[in-house]
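Data block below; observations after.
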Amino acid sequence: MSGTDDRARRLQVGRIARLLGVAPDDVTGLDGVPVEDLRTLHAQMTEALFGDARAGFAKIAGLTALLPTAVTALLAERFVPPEMAARVCEALPPEAGRDLVARLSVSYLAAVAVLLDPVRARPVVSAMTPDRVVEVTLVLFARGEHPVTADLVNAVSAEALAACLAAAEPYDVLAVAPYLEWGPALDAAVAGLPDDRAGALAAELTPAELADLAVSVGPERLAPVLAHLDETAYAAYAAHLPPPGQRRI
């Protein structure tokens, strides 16, 4: 199994574990199950656990329009557990979701974020302001929730994505990169990385770690970072790269 496939498997098993309220290591019997089947299993479990209650969650979400957003946020944090809040957020219109998450505390919002369904929550997540996304992302990074953070930033606006990348510490970039969905928005965020952040990545990551990052994202995407390496450091980095046929493009 390739490193990319293994990371994808661990991401899906982690999602299943969160649904069950257990640690990923406690989820057994799934060795050898294809990643796509794990995604299907997660979707089926979500439907089994919450499908019957979805109409109720939608009604609760509709009630948010009847109360001031500040009051709704206060009541949510005091009386609604994160598991239920995640389902309600998935049922909110994007604009209402953006206004509500702006009022929730960062710690509560981070607790909700790890329980969101990455597909159903995408409209609400994409409407979040860049500042709010960065705040939640940094909390999740501090908790070591890099796969969950990838789910979050994979759905945000291009502006929020760039802000997250610029705010992340080098080792968080290294840890989250394998889980990101690479496309034009993320390519633009990397290309537009502030020079001081690109320099920090070059200075703080070892040559072997930079090579691991290159394998995850594609060496060509690291050009802004590699430009900060001197000749000796670049040679050390290049020595750790696998043969071209084993690199991710």
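Each chain of the structure tokens is named A, B, ... in the order shown, its residues numbered from 1; ligands are numbered from 1 in display order.
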| said: Please return, as a PyMOL selection string, all residues of segment 114-196 of chain A that DSSP assigns to helix (DSSP H, G or I) on the basis of the backbone. | reply: chain A and resi 122-126+130-142+146-153+158-167+170-179+184-191+195-196
| task | Compile the contact shell of Pro94 of chain A as a VMD selection string: residues with an atom at most 6 Å away, counting only C-alpha atoms, same-chain residues fewer than 2 positions apart removed. | result | chain A and resid 96 to 97 123 to 124 127
| query | Got a sec: who's within 10 Å of segment 212-228 of chain A, counting only C-alpha atoms, leaving out chain neighbours fewer than 6 positions off, as an MDAnalysis selection string? | reply | chainID A and resid 3:4 173:182 186:188 190:203 205:206 234 237:238 240:242 244 246:249
Could those residues be written to a file, using N, CA and C atoms, as a compact mmCIF listing (two decimals), in the first residue's frame?
# COMPACT_ATOMS: atom_id res chain seq x y z
N GLY A 3 2.05 5.25 0.58
CA GLY A 3 1.87 6.15 1.71
C GLY A 3 0.60 6.97 1.59
N THR A 4 0.28 7.37 0.35
CA THR A 4 -0.94 8.16 0.13
C THR A 4 -2.18 7.35 0.46
N VAL A 173 1.97 22.45 8.54
CA VAL A 173 1.90 22.33 7.08
C VAL A 173 2.35 20.94 6.65
N LEU A 174 3.45 20.47 7.24
CA LEU A 174 3.97 19.14 6.91
C LEU A 174 2.95 18.06 7.25
N ALA A 175 2.26 18.21 8.40
CA ALA A 175 1.32 17.17 8.86
C ALA A 175 0.01 17.18 8.10
N VAL A 176 -0.45 18.35 7.67
CA VAL A 176 -1.77 18.43 7.02
C VAL A 176 -1.69 18.23 5.52
N ALA A 177 -0.54 18.49 4.92
CA ALA A 177 -0.41 18.48 3.46
C ALA A 177 -0.88 17.17 2.81
N PRO A 178 -0.56 15.99 3.38
CA PRO A 178 -0.97 14.76 2.69
C PRO A 178 -2.48 14.57 2.58
N TYR A 179 -3.25 15.28 3.39
CA TYR A 179 -4.70 15.10 3.41
C TYR A 179 -5.44 16.15 2.58
N LEU A 180 -4.73 17.12 2.03
CA LEU A 180 -5.38 18.21 1.32
C LEU A 180 -5.76 17.80 -0.10
N GLU A 181 -6.85 18.42 -0.59
CA GLU A 181 -7.28 18.23 -1.97
C GLU A 181 -6.61 19.31 -2.82
N TRP A 182 -5.65 18.89 -3.61
CA TRP A 182 -4.88 19.86 -4.38
C TRP A 182 -5.61 20.24 -5.65
N LEU A 186 -5.64 25.84 -3.96
CA LEU A 186 -4.52 25.52 -3.09
C LEU A 186 -3.20 25.81 -3.77
N ASP A 187 -3.12 25.55 -5.07
CA ASP A 187 -1.90 25.91 -5.81
C ASP A 187 -1.64 27.41 -5.73
N ALA A 188 -2.71 28.20 -5.85
CA ALA A 188 -2.56 29.66 -5.78
C ALA A 188 -2.13 30.08 -4.37
N VAL A 190 -0.33 28.35 -2.23
CA VAL A 190 1.09 28.03 -2.05
C VAL A 190 1.96 29.01 -2.83
N ALA A 191 1.56 29.29 -4.07
CA ALA A 191 2.34 30.21 -4.90
C ALA A 191 2.37 31.61 -4.29
N GLY A 192 1.28 31.98 -3.59
CA GLY A 192 1.22 33.31 -2.97
C GLY A 192 1.64 33.33 -1.52
N LEU A 193 2.28 32.27 -1.05
CA LEU A 193 2.71 32.20 0.34
C LEU A 193 3.65 33.37 0.65
N PRO A 194 3.37 34.12 1.73
CA PRO A 194 4.27 35.24 2.08
C PRO A 194 5.71 34.78 2.19
N ASP A 195 6.62 35.63 1.78
CA ASP A 195 8.02 35.24 1.72
C ASP A 195 8.55 34.80 3.08
N ASP A 196 8.08 35.45 4.16
CA ASP A 196 8.59 35.07 5.47
C ASP A 196 8.10 33.68 5.88
N ARG A 197 6.89 33.30 5.46
CA ARG A 197 6.38 31.97 5.78
C ARG A 197 7.09 30.90 4.95
N ALA A 198 7.35 31.21 3.68
CA ALA A 198 8.11 30.26 2.85
C ALA A 198 9.50 30.07 3.43
N GLY A 199 10.10 31.17 3.89
CA GLY A 199 11.42 31.08 4.51
C GLY A 199 11.40 30.27 5.79
N ALA A 200 10.33 30.40 6.57
CA ALA A 200 10.22 29.63 7.82
C ALA A 200 10.14 28.14 7.53
N LEU A 201 9.38 27.76 6.49
CA LEU A 201 9.31 26.35 6.11
C LEU A 201 10.70 25.83 5.73
N ALA A 202 11.44 26.62 4.95
CA ALA A 202 12.77 26.19 4.52
C ALA A 202 13.74 26.09 5.69
N ALA A 203 13.58 27.00 6.66
CA ALA A 203 14.52 27.04 7.78
C ALA A 203 14.21 26.02 8.87
N LEU A 205 12.08 23.13 8.71
CA LEU A 205 11.96 21.73 8.34
C LEU A 205 13.32 21.19 7.90
N THR A 206 13.62 19.97 8.28
CA THR A 206 14.86 19.34 7.87
C THR A 206 14.80 18.98 6.39
N TYR A 234 19.90 22.54 -0.45
CA TYR A 234 19.11 21.98 -1.56
C TYR A 234 19.62 20.60 -1.94
N TYR A 237 18.31 18.18 0.55
CA TYR A 237 16.89 17.94 0.27
C TYR A 237 16.73 16.98 -0.91
N ALA A 238 17.43 17.24 -1.99
CA ALA A 238 17.29 16.42 -3.20
C ALA A 238 17.72 14.98 -2.95
N HIS A 240 17.16 13.24 -0.45
CA HIS A 240 16.10 12.50 0.25
C HIS A 240 14.88 12.22 -0.64
N LEU A 241 14.85 12.77 -1.83
CA LEU A 241 13.71 12.55 -2.71
C LEU A 241 13.73 11.13 -3.26
N PRO A 242 12.57 10.49 -3.35
CA PRO A 242 12.52 9.18 -3.98
C PRO A 242 12.66 9.31 -5.49
N PRO A 244 11.76 9.63 -9.36
CA PRO A 244 10.62 10.37 -9.91
C PRO A 244 9.35 9.55 -10.05
N GLN A 246 8.07 7.51 -8.14
CA GLN A 246 7.42 7.30 -6.86
C GLN A 246 6.88 8.58 -6.25
N ARG A 247 7.05 9.69 -6.97
CA ARG A 247 6.60 10.98 -6.44
C ARG A 247 5.15 11.25 -6.85
N ARG A 248 4.51 12.02 -6.00
CA ARG A 248 3.13 12.44 -6.31
C ARG A 248 3.19 13.64 -7.24
N ILE A 249 2.39 13.64 -8.27
CA ILE A 249 2.36 14.76 -9.23
C ILE A 249 1.10 15.58 -8.98
| Counting only C-alpha atoms, which of A:Ala235, A:Leu19, A:Val139, A:Val134 gets nearest to Ala86 of chain A? |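 Between A:Ala235, A:Leu19, A:Val139, A:Val134, the residue approaching Ala86 of chain A most closely is A:Leu19.
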| Near-Thr129 of chain A list (12 Å; only C-alpha atoms; drop same-chain fewer than 5 positions) as a list in words | Pro94, Glu95, Gly97, Arg98, Asp99, Leu100, Val101, Ala102, Arg103, Val124, Val134, Glu135, Val136, Val153, Val156, Ser157, Ala158, Glu159, Ala160, Leu161, Ala163 and Cys164 of chain A
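Here atom CA of Gln12 of chain A is placed at a distance of 7.2 Å from atom CA of Val35 of chain A.
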Please provide the set of residues having any atom within 12 Å of segment 140-147 of chain A, restricted to only C-alpha atoms, with same-chain residues fewer than 2 positions apart removed, written as a compact mmCIF listing (two decimals) with N, CA and C atoms, in the first residue's frame.
# COMPACT_ATOMS: atom_id res chain seq x y z
N ARG A 7 -2.53 6.97 4.25
CA ARG A 7 -3.06 8.18 4.89
C ARG A 7 -4.55 8.32 4.64
N ALA A 8 -4.98 7.99 3.42
CA ALA A 8 -6.41 8.07 3.10
C ALA A 8 -7.21 7.09 3.95
N ARG A 9 -6.65 5.89 4.16
CA ARG A 9 -7.33 4.90 5.00
C ARG A 9 -7.43 5.41 6.44
N ARG A 10 -6.35 5.94 6.96
CA ARG A 10 -6.37 6.42 8.35
C ARG A 10 -7.35 7.58 8.51
N LEU A 11 -7.47 8.41 7.48
CA LEU A 11 -8.43 9.51 7.54
C LEU A 11 -9.85 8.96 7.63
N GLN A 12 -10.17 7.97 6.82
CA GLN A 12 -11.53 7.42 6.83
C GLN A 12 -11.81 6.66 8.13
N VAL A 13 -10.85 5.92 8.63
CA VAL A 13 -11.04 5.21 9.89
C VAL A 13 -11.21 6.21 11.03
N GLY A 14 -10.49 7.32 10.97
CA GLY A 14 -10.65 8.36 11.99
C GLY A 14 -12.05 8.94 11.99
N ARG A 15 -12.61 9.13 10.80
CA ARG A 15 -13.99 9.64 10.70
C ARG A 15 -14.98 8.64 11.29
N ARG A 18 -14.78 8.72 15.07
CA ARG A 18 -15.46 9.88 15.68
C ARG A 18 -16.96 9.66 15.74
N VAL A 106 -14.52 29.79 19.88
CA VAL A 106 -13.64 29.00 19.03
C VAL A 106 -13.52 27.57 19.54
N SER A 107 -13.46 27.40 20.85
CA SER A 107 -13.33 26.04 21.40
C SER A 107 -14.55 25.19 21.09
N TYR A 108 -15.75 25.76 21.22
CA TYR A 108 -16.97 25.01 20.90
C TYR A 108 -17.04 24.73 19.41
N LEU A 109 -16.69 25.71 18.60
CA LEU A 109 -16.74 25.53 17.16
C LEU A 109 -15.76 24.46 16.71
N ALA A 110 -14.60 24.40 17.34
CA ALA A 110 -13.63 23.36 17.00
C ALA A 110 -14.18 21.98 17.36
N ALA A 111 -14.88 21.89 18.50
CA ALA A 111 -15.48 20.62 18.90
C ALA A 111 -16.55 20.18 17.91
N VAL A 112 -17.27 21.15 17.35
CA VAL A 112 -18.29 20.85 16.34
C VAL A 112 -17.61 20.45 15.02
N ALA A 113 -16.53 21.13 14.68
CA ALA A 113 -15.87 20.93 13.39
C ALA A 113 -15.40 19.49 13.21
N VAL A 114 -14.91 18.86 14.28
CA VAL A 114 -14.39 17.50 14.14
C VAL A 114 -15.51 16.49 13.89
N LEU A 115 -16.76 16.90 14.09
CA LEU A 115 -17.90 15.99 13.94
C LEU A 115 -18.72 16.26 12.68
N PRO A 118 -18.05 15.91 6.04
CA PRO A 118 -17.32 16.78 5.11
C PRO A 118 -18.09 17.14 3.85
N VAL A 133 -12.08 30.93 10.04
CA VAL A 133 -11.48 29.68 9.62
C VAL A 133 -10.08 29.53 10.22
N VAL A 134 -9.31 30.60 10.18
CA VAL A 134 -7.95 30.56 10.74
C VAL A 134 -7.99 30.26 12.24
N GLU A 135 -8.90 30.90 12.97
CA GLU A 135 -8.99 30.66 14.40
C GLU A 135 -9.28 29.20 14.71
N VAL A 136 -10.24 28.62 14.00
CA VAL A 136 -10.59 27.22 14.24
C VAL A 136 -9.45 26.30 13.81
N THR A 137 -8.84 26.62 12.69
CA THR A 137 -7.74 25.80 12.18
C THR A 137 -6.59 25.73 13.18
N LEU A 138 -6.24 26.85 13.77
CA LEU A 138 -5.12 26.87 14.72
C LEU A 138 -5.44 26.05 15.97
N THR A 149 -8.67 18.95 10.09
CA THR A 149 -8.39 20.29 9.58
C THR A 149 -8.40 20.29 8.06
N ALA A 150 -7.86 19.24 7.47
CA ALA A 150 -7.87 19.14 6.00
C ALA A 150 -9.30 19.12 5.48
N ASP A 151 -10.18 18.36 6.15
CA ASP A 151 -11.59 18.37 5.75
C ASP A 151 -12.15 19.79 5.76
N LEU A 152 -11.77 20.55 6.78
CA LEU A 152 -12.28 21.91 6.92
C LEU A 152 -11.74 22.80 5.80
N VAL A 153 -10.42 22.84 5.64
CA VAL A 153 -9.85 23.80 4.69
C VAL A 153 -10.07 23.36 3.24
N ASN A 154 -10.36 22.06 3.03
CA ASN A 154 -10.70 21.63 1.66
C ASN A 154 -11.99 22.26 1.18
N CYS A 164 -5.13 30.48 6.01
CA CYS A 164 -4.77 29.34 6.85
C CYS A 164 -3.33 28.90 6.60
N LEU A 165 -2.96 28.82 5.35
CA LEU A 165 -1.61 28.39 5.00
C LEU A 165 -0.58 29.38 5.51
N ALA A 167 -0.89 31.27 8.11
CA ALA A 167 -0.86 31.29 9.57
C ALA A 167 -0.29 30.02 10.18
N ALA A 168 -0.23 28.94 9.42
CA ALA A 168 0.18 27.64 9.95
C ALA A 168 1.67 27.59 10.25
N GLU A 169 2.02 26.88 11.31
CA GLU A 169 3.42 26.64 11.60
C GLU A 169 3.97 25.58 10.64
N PRO A 170 5.28 25.60 10.38
CA PRO A 170 5.84 24.66 9.40
C PRO A 170 5.48 23.20 9.65
N TYR A 171 5.52 22.75 10.90
CA TYR A 171 5.23 21.33 11.15
C TYR A 171 3.75 21.01 10.96
N ASP A 172 2.90 22.00 11.12
CA ASP A 172 1.49 21.77 10.82
C ASP A 172 1.26 21.65 9.31
N VAL A 173 1.97 22.45 8.54
CA VAL A 173 1.90 22.33 7.08
C VAL A 173 2.35 20.94 6.65
N LEU A 174 3.45 20.47 7.24
CA LEU A 174 3.97 19.14 6.91
C LEU A 174 2.95 18.06 7.25
N ALA A 175 2.26 18.21 8.40
CA ALA A 175 1.32 17.17 8.86
C ALA A 175 0.01 17.18 8.10
N VAL A 176 -0.45 18.35 7.67
CA VAL A 176 -1.77 18.43 7.02
C VAL A 176 -1.69 18.23 5.52
N ALA A 177 -0.54 18.49 4.92
CA ALA A 177 -0.41 18.48 3.46
C ALA A 177 -0.88 17.17 2.81
N PRO A 178 -0.56 15.99 3.38
CA PRO A 178 -0.97 14.76 2.69
C PRO A 178 -2.48 14.57 2.58
N TYR A 179 -3.25 15.28 3.39
CA TYR A 179 -4.70 15.10 3.41
C TYR A 179 -5.44 16.15 2.58
N LEU A 180 -4.73 17.12 2.03
CA LEU A 180 -5.38 18.21 1.32
C LEU A 180 -5.76 17.80 -0.10
N GLU A 181 -6.85 18.42 -0.59
CA GLU A 181 -7.28 18.23 -1.97
C GLU A 181 -6.61 19.31 -2.82
| task | May I ask for the distance between atom CA of Asp37 of chain A and atom CA of Val125 of chain A, given in Å to one decimal place? | result |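 For atom CA of Asp37 of chain A relative to atom CA of Val125 of chain A, the distance reads 25.0 Å.
One distance worth recording is that between atom CA of Asp131 of chain A and atom CA of Ala185 of chain A, which is 17.4 Å.
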